[in-house]
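J.: Quick one: this structure, given as structure tokens, is what I'll be asking you about.
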Amino acid sequence: MKIKNWLRKESSKLATVREFFAFLWQNKLWWMAPMILIFLLLGLLIIFTQSAAVVPFIYALF
């Protein structure tokens, strides 16, 4: 029962993202999609590199 609820929540989140990108494409704002994707990737990079072991590799990137 909990798995069904979790899947329902996750699919609604993905539907929101899909609808957002459809909105951007429909309103000729498709050029913003790569910019948003880069911001999301940088956000994920910040979140996953909170450990001290990865810091030297991040310095090498920038």
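Just so we're on the same page: first chain in the structure tokens is A, next is B, and so on; residues restart at 1 for each chain, and ligands are numbered from 1 in the order they show up.
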Per DSSP on the backbone, what are the helix (DSSP H, G or I) residues of chain A, as a ChimeraX atom specification?
T.: /A:2-26,32-48,55-61
J.: Fewer than 5 positions away in the same chain doesn't count, so skip those; otherwise give me all residues within 12 Å of Ile36 in chain A, counting only C-alpha atoms, as a PyMOL selection string.
T.: chain A and resi 17+20-21+24+29-31+41-43
J.: What gap, in Å, lies between CA of Ser11 in chain A and CA of Phe23 in chain A?
T.: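 Computed distance, CA of Ser11 in chain A to CA of Phe23 in chain A, equals 18.1 Å.
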